[in-house]
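Dumped my_file03.txt below, it's compact mmCIF, C-alpha atoms and all ligand atoms:
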# COMPACT_ATOMS: atom_id res chain seq x y z
CA MET A 1 -74.81 -31.28 -9.95
CA ARG A 2 -72.57 -33.21 -12.25
CA ILE A 3 -69.46 -31.47 -13.54
CA SER A 4 -68.17 -32.81 -16.77
CA LEU A 5 -64.40 -32.56 -17.30
CA GLY A 6 -62.99 -32.46 -20.78
CA LYS A 7 -59.97 -34.51 -21.81
CA SER A 8 -57.47 -31.86 -20.65
CA GLY A 9 -59.41 -31.32 -17.43
CA ARG A 10 -59.20 -35.04 -16.59
CA ALA A 11 -55.45 -34.89 -17.33
CA GLY A 12 -55.16 -31.92 -14.94
CA VAL A 13 -56.88 -33.80 -12.14
CA LEU A 14 -54.61 -36.78 -12.77
CA CYS A 15 -51.50 -34.57 -12.61
CA ILE A 16 -52.65 -32.99 -9.35
CA LEU A 17 -53.29 -36.42 -7.86
CA LEU A 18 -49.83 -37.51 -8.95
CA GLY A 19 -48.30 -34.38 -7.39
CA LEU A 20 -47.10 -32.93 -10.68
CA CYS A 21 -47.26 -29.20 -11.34
CA SER A 22 -49.43 -28.22 -14.23
CA ALA A 23 -51.26 -25.19 -15.51
CA TYR A 24 -53.15 -23.75 -18.40
CA THR A 25 -51.33 -21.30 -20.63
CA VAL A 26 -53.02 -18.04 -21.63
CA GLU A 27 -53.99 -19.76 -24.88
CA GLY A 28 -55.85 -22.38 -22.87
CA ALA A 29 -53.42 -25.22 -23.57
CA PHE A 30 -52.72 -27.57 -20.72
CA VAL A 31 -49.03 -28.00 -19.87
CA THR A 32 -46.88 -29.62 -17.23
CA GLU A 33 -44.30 -27.38 -15.53
CA TYR A 34 -40.65 -27.92 -16.42
CA VAL A 35 -38.49 -28.57 -13.34
CA SER A 36 -34.70 -28.76 -13.84
CA GLY A 37 -34.14 -31.14 -10.94
CA ILE A 38 -31.02 -29.19 -9.93
CA MET A 39 -30.90 -28.73 -6.18
CA TRP A 40 -29.90 -25.07 -5.80
CA ALA A 41 -28.78 -23.68 -2.47
CA GLU A 42 -31.24 -21.02 -1.28
CA PRO A 43 -29.92 -17.53 -2.11
CA LYS A 44 -28.74 -15.73 1.02
CA VAL A 45 -30.99 -12.90 2.18
CA ILE A 46 -29.20 -9.54 2.31
CA ASP A 47 -30.27 -5.94 2.85
CA PRO A 48 -29.59 -4.09 -0.44
CA GLY A 49 -29.21 -0.79 1.45
CA GLN A 50 -30.03 2.66 0.14
CA ALA A 51 -29.57 3.51 -3.56
CA GLY A 52 -25.82 3.60 -4.22
CA GLY A 53 -25.02 2.70 -0.63
CA PRO A 54 -23.39 -0.55 0.45
CA PRO A 55 -25.52 -3.68 0.66
CA SER A 56 -25.30 -5.52 3.99
CA ASP A 57 -22.78 -8.08 2.63
CA ALA A 58 -20.41 -5.47 1.14
CA ILE A 59 -16.90 -4.70 2.30
CA VAL A 60 -16.77 -0.92 2.70
CA LEU A 61 -13.47 0.39 1.34
CA PHE A 62 -14.19 4.08 1.98
CA ASP A 63 -17.13 5.49 3.89
CA GLY A 64 -16.01 9.12 4.03
CA LYS A 65 -14.06 8.85 7.28
CA ASP A 66 -10.66 7.33 6.62
CA MET A 67 -8.60 5.26 4.19
CA SER A 68 -7.61 2.61 6.71
CA GLN A 69 -8.56 -0.16 4.25
CA TRP A 70 -5.78 0.99 1.92
CA ASN A 71 -2.02 0.73 1.95
CA GLY A 72 -0.77 4.26 1.23
CA GLY A 73 -4.17 5.71 2.02
CA ASP A 74 -2.67 7.97 4.67
CA LYS A 75 -1.11 10.05 1.86
CA TRP A 76 -4.50 10.91 0.41
CA LYS A 77 -6.37 13.90 1.83
CA ILE A 78 -9.80 13.48 3.41
CA GLU A 79 -12.04 16.51 3.04
CA GLU A 80 -15.79 16.69 3.60
CA GLY A 81 -16.17 12.92 3.36
CA GLN A 82 -14.13 12.70 0.18
CA ALA A 83 -10.72 11.11 -0.42
CA ILE A 84 -8.49 13.13 -2.74
CA ALA A 85 -5.74 11.35 -4.68
CA ASP A 86 -2.33 12.61 -3.62
CA GLY A 87 1.24 11.43 -3.14
CA GLY A 88 1.00 7.99 -4.78
CA SER A 89 -1.24 5.12 -5.81
CA ILE A 90 -2.94 3.09 -3.09
CA THR A 91 -3.79 -0.60 -2.79
CA THR A 92 -6.32 -2.47 -0.67
CA LYS A 93 -4.90 -4.28 2.34
CA GLU A 94 -7.12 -7.22 1.49
CA ASN A 95 -6.82 -9.40 -1.62
CA PHE A 96 -9.74 -10.01 -3.97
CA GLY A 97 -10.65 -12.21 -6.93
CA ASP A 98 -14.09 -12.11 -8.57
CA CYS A 99 -15.92 -9.06 -7.26
CA GLN A 100 -18.47 -6.29 -7.77
CA VAL A 101 -17.23 -2.76 -7.04
CA HIS A 102 -19.12 0.49 -6.63
CA LEU A 103 -17.23 3.76 -6.46
CA GLU A 104 -17.95 7.43 -7.04
CA PHE A 105 -15.40 9.84 -8.44
CA ALA A 106 -15.12 13.42 -9.60
CA THR A 107 -12.41 14.86 -11.83
CA PRO A 108 -11.21 18.38 -10.89
CA SER A 109 -13.74 21.15 -11.57
CA GLU A 110 -10.85 23.42 -12.47
CA VAL A 111 -9.78 22.02 -15.81
CA LYS A 112 -6.03 21.73 -16.28
CA GLY A 113 -4.07 19.90 -18.97
CA ASP A 114 -5.45 17.83 -21.81
CA GLY A 115 -5.52 14.29 -23.13
CA GLN A 116 -4.15 11.79 -20.61
CA GLY A 117 -2.97 14.68 -18.42
CA ARG A 118 -6.48 15.79 -17.49
CA GLY A 119 -8.18 14.16 -14.52
CA ASN A 120 -6.32 10.86 -14.81
CA SER A 121 -6.70 8.04 -12.28
CA GLY A 122 -7.96 4.48 -12.62
CA ILE A 123 -8.99 1.35 -10.80
CA TYR A 124 -6.72 -1.68 -11.28
CA PHE A 125 -8.18 -5.08 -10.47
CA MET A 126 -5.54 -7.44 -9.10
CA GLY A 127 -3.16 -4.49 -9.51
CA THR A 128 -3.03 -5.43 -13.22
CA TYR A 129 -6.26 -4.73 -15.12
CA GLU A 130 -7.19 -1.04 -15.35
CA VAL A 131 -10.56 0.57 -15.91
CA GLN A 132 -9.48 4.08 -16.84
CA ILE A 133 -10.67 7.16 -14.98
CA LEU A 134 -10.13 10.36 -16.94
CA ASP A 135 -11.84 13.66 -17.58
CA SER A 136 -13.20 12.71 -21.00
CA PHE A 137 -15.80 15.46 -21.13
CA ASP A 138 -14.85 17.37 -24.29
CA ASN A 139 -11.27 16.10 -23.94
CA LYS A 140 -9.97 13.98 -26.80
CA THR A 141 -7.39 11.26 -26.33
CA TYR A 142 -6.87 7.81 -27.85
CA PHE A 143 -10.19 6.00 -27.57
CA ASP A 144 -8.86 2.95 -25.75
CA GLY A 145 -7.43 5.32 -23.16
CA GLN A 146 -10.46 7.53 -22.50
CA CYS A 147 -12.63 7.31 -19.40
CA ALA A 148 -14.18 3.83 -18.89
CA ALA A 149 -11.79 2.24 -21.39
CA ILE A 150 -10.05 -0.97 -20.46
CA TYR A 151 -6.73 0.70 -20.86
CA LYS A 152 -5.16 0.16 -24.31
CA GLN A 153 -7.57 -2.70 -25.01
CA PHE A 154 -11.18 -1.57 -25.44
CA PRO A 155 -12.81 1.88 -25.66
CA PRO A 156 -16.11 2.28 -23.78
CA LEU A 157 -19.27 1.54 -25.79
CA VAL A 158 -20.28 5.20 -25.34
CA ASN A 159 -18.83 8.28 -23.67
CA ALA A 160 -21.13 8.68 -20.64
CA CYS A 161 -18.95 11.22 -18.81
CA ARG A 162 -20.35 14.02 -16.72
CA LYS A 163 -18.77 17.46 -16.61
CA PRO A 164 -15.55 18.17 -14.70
CA GLY A 165 -16.24 18.40 -10.97
CA GLU A 166 -19.52 16.48 -11.14
CA TRP A 167 -19.88 13.20 -9.27
CA GLN A 168 -19.91 10.06 -11.39
CA THR A 169 -20.45 6.40 -10.55
CA TYR A 170 -18.78 3.20 -11.60
CA ASP A 171 -20.44 -0.15 -11.01
CA ILE A 172 -18.03 -2.84 -12.12
CA VAL A 173 -18.15 -6.63 -12.26
CA PHE A 174 -14.73 -8.23 -12.48
CA SER A 175 -14.10 -11.87 -13.23
CA ALA A 176 -10.53 -12.94 -12.45
CA PRO A 177 -8.45 -14.95 -14.92
CA LYS A 178 -7.40 -18.50 -14.19
CA PHE A 179 -4.12 -20.19 -15.05
CA ASP A 180 -2.90 -23.77 -15.16
CA GLU A 181 0.28 -25.00 -13.49
CA ALA A 182 2.36 -24.05 -16.50
CA GLY A 183 0.97 -20.50 -16.45
CA LYS A 184 -1.30 -20.94 -19.48
CA VAL A 185 -4.59 -19.01 -19.31
CA THR A 186 -7.49 -21.41 -18.80
CA LYS A 187 -10.06 -18.60 -18.39
CA PRO A 188 -9.44 -14.96 -19.34
CA ALA A 189 -10.46 -12.00 -17.18
CA TYR A 190 -13.76 -10.24 -17.93
CA LEU A 191 -15.01 -6.77 -17.07
CA THR A 192 -18.51 -5.34 -17.18
CA VAL A 193 -18.76 -1.62 -16.36
CA LEU A 194 -21.66 0.77 -15.89
CA GLN A 195 -20.73 4.44 -15.76
CA ASN A 196 -23.43 6.67 -14.34
CA GLY A 197 -25.84 3.75 -14.82
CA VAL A 198 -24.93 3.37 -18.51
CA LEU A 199 -23.38 0.16 -19.84
CA VAL A 200 -19.91 1.01 -21.16
CA GLN A 201 -18.14 -2.39 -21.04
CA ASN A 202 -20.23 -5.49 -21.70
CA HIS A 203 -18.49 -8.60 -20.42
CA SER A 204 -15.33 -7.53 -22.25
CA GLU A 205 -12.79 -10.35 -22.51
CA LEU A 206 -9.40 -8.99 -21.52
CA LEU A 207 -6.32 -9.67 -23.60
CA GLY A 208 -4.09 -9.54 -20.54
CA GLY A 209 -2.71 -6.93 -18.20
CA THR A 210 -3.16 -3.27 -19.17
CA PHE A 211 0.19 -1.58 -19.76
CA TYR A 212 1.33 1.83 -20.95
CA ASP A 213 4.53 0.66 -22.59
CA LYS A 214 3.76 -2.78 -23.99
CA ALA A 215 1.00 -4.84 -25.55
CA PRO A 216 -1.54 -6.57 -23.31
CA ALA A 217 -0.30 -9.92 -22.03
CA TYR A 218 -1.15 -12.35 -19.28
CA GLY A 219 1.32 -13.41 -16.64
CA LYS A 220 0.34 -16.07 -14.11
CA HIS A 221 -0.51 -14.60 -10.74
CA ALA A 222 -2.28 -15.48 -7.51
CA ASP A 223 -6.05 -16.10 -7.37
CA ARG A 224 -6.53 -13.09 -5.12
CA LEU A 225 -4.65 -9.78 -5.23
CA PRO A 226 -5.22 -6.18 -4.07
CA ILE A 227 -7.19 -3.55 -5.95
CA GLN A 228 -5.28 -0.37 -6.77
CA LEU A 229 -6.48 3.19 -7.18
CA GLN A 230 -4.06 5.13 -9.34
CA PHE A 231 -2.50 8.48 -8.55
CA HIS A 232 -1.50 10.03 -11.86
CA GLY A 233 -0.69 13.51 -10.60
CA ASN A 234 -4.29 14.75 -10.63
CA PRO A 235 -6.43 15.40 -7.51
CA ILE A 236 -9.31 13.04 -8.35
CA ARG A 237 -11.90 12.88 -5.57
CA TYR A 238 -13.48 9.62 -4.43
CA ARG A 239 -16.37 8.71 -2.16
CA ASN A 240 -18.61 5.75 -1.32
CA ILE A 241 -16.35 2.85 -2.34
CA TRP A 242 -17.57 -0.66 -1.59
CA LEU A 243 -17.02 -4.15 -2.86
CA ARG A 244 -18.87 -7.46 -2.82
CA GLU A 245 -17.02 -10.69 -3.39
CA ILE A 246 -18.70 -12.93 -5.94
CA PRO A 247 -18.80 -16.54 -4.76
CA PRO A 248 -18.80 -19.36 -7.32
CA GLN A 249 -22.27 -20.68 -8.14
CA VAL A 250 -22.66 -24.01 -6.40
CA LEU A 251 -25.17 -26.53 -7.60
CA GLN A 252 -25.84 -30.18 -7.05
CA ALA A 253 -26.52 -32.57 -9.88
CA PRO A 254 -30.17 -33.44 -10.54
CA LYS A 255 -31.39 -36.23 -8.27
MG MG A 301 -5.25 5.95 -15.52
What do you get writing this file as structure tokens?
Ligand code: MG
Amino acid sequence: MRISLGKSGRAGVLCILLGLCSAYTVEGAFVTEYVSGIMWAEPKVIDPGQAGGPPSDAIVLFDGKDMSQWNGGDKWKIEEGQAIADGGSITTKENFGDCQVHLEFATPSEVKGDGQGRGNSGIYFMGTYEVQILDSFDNKTYFDGQCAAIYKQFPPLVNACRKPGEWQTYDIVFSAPKFDEAGKVTKPAYLTVLQNGVLVQNHSELLGGTFYDKAPAYGKHADRLPIQLQFHGNPIRYRNIWLREIPPQVLQAPK
């Protein structure tokens, strides 16, 4: 039996013989596959773990047992697998730059105070850049100071807070700023935040450190610094805190 190939069919056979990748699109057009030529390193295989739990390449900062990963963590109470803010802010013993952080928090179920005085805590990247933690469920304050705000810089895109006492999640991607020798910013810091699975900060470009008493401003600092959890006088509860360092993407030029 003789099989007759059309023009595109003959081109397909030629491409296969030449080792090129080709295919027909759904419309029936014959195309050759685009290949970037960049030699990527193979992505490392990790175990993503259970939903919300630490992936296999995470650094566990609190697993419900103790706060040994934190300077000052001995002041915080541990009850039923939860760490309760008390006696002062705490900082990680290890330093971090670019990273992904997961943490779970609950503001007090017994509502006391209002505004910034109600369920206040916060996570400070590099001890300098705060994602606010606050009981912002039916609790008005300035918008760039409510829960999930980048403090005194950007309000969250939406208020995705759960009720007082209910567990909430933060999944945060932090990109550290870079400075030149003279201390000039060559790359600002960025923060992306999901609160309870909802996007509340979308690659927000930070204006500098987050301060209570002055405008945001950058000051040159080390490439890696501790993360701080704030004690602001309120017994915020934490659980399931883990972090993954984000390595730079390495690629080789096309050959
Ligand atoms: Mg705070």
- Query: Between A:Thr141, A:Ser56, A:Gln132, A:Thr186, which is the closest to ligand MG 301 (chain A) once you count all atoms listed in the file?
  - Reply: A:Gln132
- Message: Just want the 8 Å neighbourhood of Arg118 of chain A, counted on all atoms listed in the file, with same-chain residues fewer than 3 positions away dropped. Output as a ChimeraX atom specification.
- Response: /A:111-115,134-135,234
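Take atom CA of Val158 of chain A and atom CA of Ser136 of chain A: the distance between them is 11.2 Å.
If one restricts the calculation to all atoms listed in the file, the set of residues situated within 8 Å of ligand MG 301 (chain A) consists of Gln116, Asn120, Ser121, Gly122, Ile123, Glu130, Val131, Gln132, Ile133, Leu134, Gly145, Tyr151, Gln230, Phe231 and His232 of chain A.
Using all atoms listed in the file, the nearest neighbour of Gln168 of chain A within the list A:Pro226, A:Gly52, A:Pro156, A:Pro235 is A:Gly52.
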What's around Gly197 of chain A at 8 Å? Count only C-alpha atoms, leave out sequence neighbours fewer than 5 positions away in its own chain, and write the answer as a CSV table (one decimal) with C-alpha atoms, keeping the file's coordinate frame.
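Written file, result_21.csv:
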chain,number,residue,atom,x,y,z
A,169,THR,CA,-20.4,6.4,-10.6
A,170,TYR,CA,-18.8,3.2,-11.6
A,171,ASP,CA,-20.4,-0.2,-11.0
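The nearest approach to Phe179 of chain A among the residues A:Phe125, A:Met67, A:Val101, A:Gly208, with only C-alpha atoms taken into account, belongs to A:Gly208.
Neighbouring residues of Cys99 of chain A at 9 Å or closer, counting only C-alpha atoms and skipping chain neighbours under 5 positions away, are Ile172, Val173, Phe174, Ser175, Ala176, Leu243, Arg244, Glu245, Ile246 and Pro247 of chain A.
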Once you have the residues from the selection above, write them out as an mmCIF file, in the coordinates of the input, restricted to C-alpha atoms.
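Writing the result to again-v1.cif gives the following:
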data_model
loop_
_atom_site.group_PDB
_atom_site.id
_atom_site.type_symbol
_atom_site.label_atom_id
_atom_site.label_comp_id
_atom_site.auth_asym_id
_atom_site.auth_seq_id
_atom_site.Cartn_x
_atom_site.Cartn_y
_atom_site.Cartn_z
ATOM 1 C CA ILE A 172 -18.030 -2.840 -12.120
ATOM 2 C CA VAL A 173 -18.150 -6.630 -12.260
ATOM 3 C CA PHE A 174 -14.730 -8.230 -12.480
ATOM 4 C CA SER A 175 -14.100 -11.870 -13.230
ATOM 5 C CA ALA A 176 -10.530 -12.940 -12.450
ATOM 6 C CA LEU A 243 -17.020 -4.150 -2.860
ATOM 7 C CA ARG A 244 -18.870 -7.460 -2.820
ATOM 8 C CA GLU A 245 -17.020 -10.690 -3.390
ATOM 9 C CA ILE A 246 -18.700 -12.930 -5.940
ATOM 10 C CA PRO A 247 -18.800 -16.540 -4.760
#
- Query: What does the distance between atom CA of Phe96 of chain A and atom CA of Glu80 of chain A come to in Å, to one decimal place?
  - Reply: 28.4 Å
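For the atom pair formed by atom CA of His203 of chain A and atom CA of Gly49 of chain A, the distance is 25.6 Å, given to one decimal.
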- Near Phe105 of chain A, within 7 Å and counting only C-alpha atoms, which residues show up once chain neighbours fewer than 6 positions away are dropped, as a list in words? Trp167, Gln168, Thr169, Ile236, Arg237, Tyr238 and Arg239 of chain A
Could those residues be written to a file, using C-alpha atoms, as a JSON list (two decimals), in the coordinates of the input?
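Once written, again_14.json looks like this:
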[["chain", "number", "residue", "atom", "x", "y", "z"],
["A", 167, "TRP", "CA", -19.88, 13.20, -9.27],
["A", 168, "GLN", "CA", -19.91, 10.06, -11.39],
["A", 169, "THR", "CA", -20.45, 6.40, -10.55],
["A", 236, "ILE", "CA", -9.31, 13.04, -8.35],
["A", 237, "ARG", "CA", -11.90, 12.88, -5.57],
["A", 238, "TYR", "CA", -13.48, 9.62, -4.43],
["A", 239, "ARG", "CA", -16.37, 8.71, -2.16]]
Can I get the residues of segment 109-190 of chain A within 8 Å of segment 210-217 of chain A, each with the closest pair of atoms and their distance in Å to one decimal, using all atoms listed in the file, sorted chain first then ascending number, as a tab-separated table?
residue	atom	partner	partner_atom	distance
A:Thr128	CA	A:Thr210	CA	6.3
A:Tyr129	CA	A:Thr210	CA	5.3
A:Glu130	CA	A:Thr210	CA	6.0
A:Ile150	CA	A:Thr210	CA	7.4
A:Tyr151	CA	A:Thr210	CA	5.6
A:Lys152	CA	A:Thr210	CA	6.5
A:Gln153	CA	A:Thr210	CA	7.3
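Using only C-alpha atoms for every distance, the candidate list A:Gln100, A:Asn240, A:Asn139, A:Thr25 yields A:Asn139 as the residue closest to Gly119 of chain A.
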- Skipping near chain neighbours, those fewer than 5 positions away, what residues fall within 10 Å of Asp138 of chain A using all atoms listed in the file, listed as a PyMOL selection string? chain A and resi 114-115+159+161-164
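Between Ile241 of chain A and the residues A:Gly165, A:Gly97, A:Pro54, A:Pro108, the shortest atom-to-atom distance, using only C-alpha atoms, involves A:Pro54.
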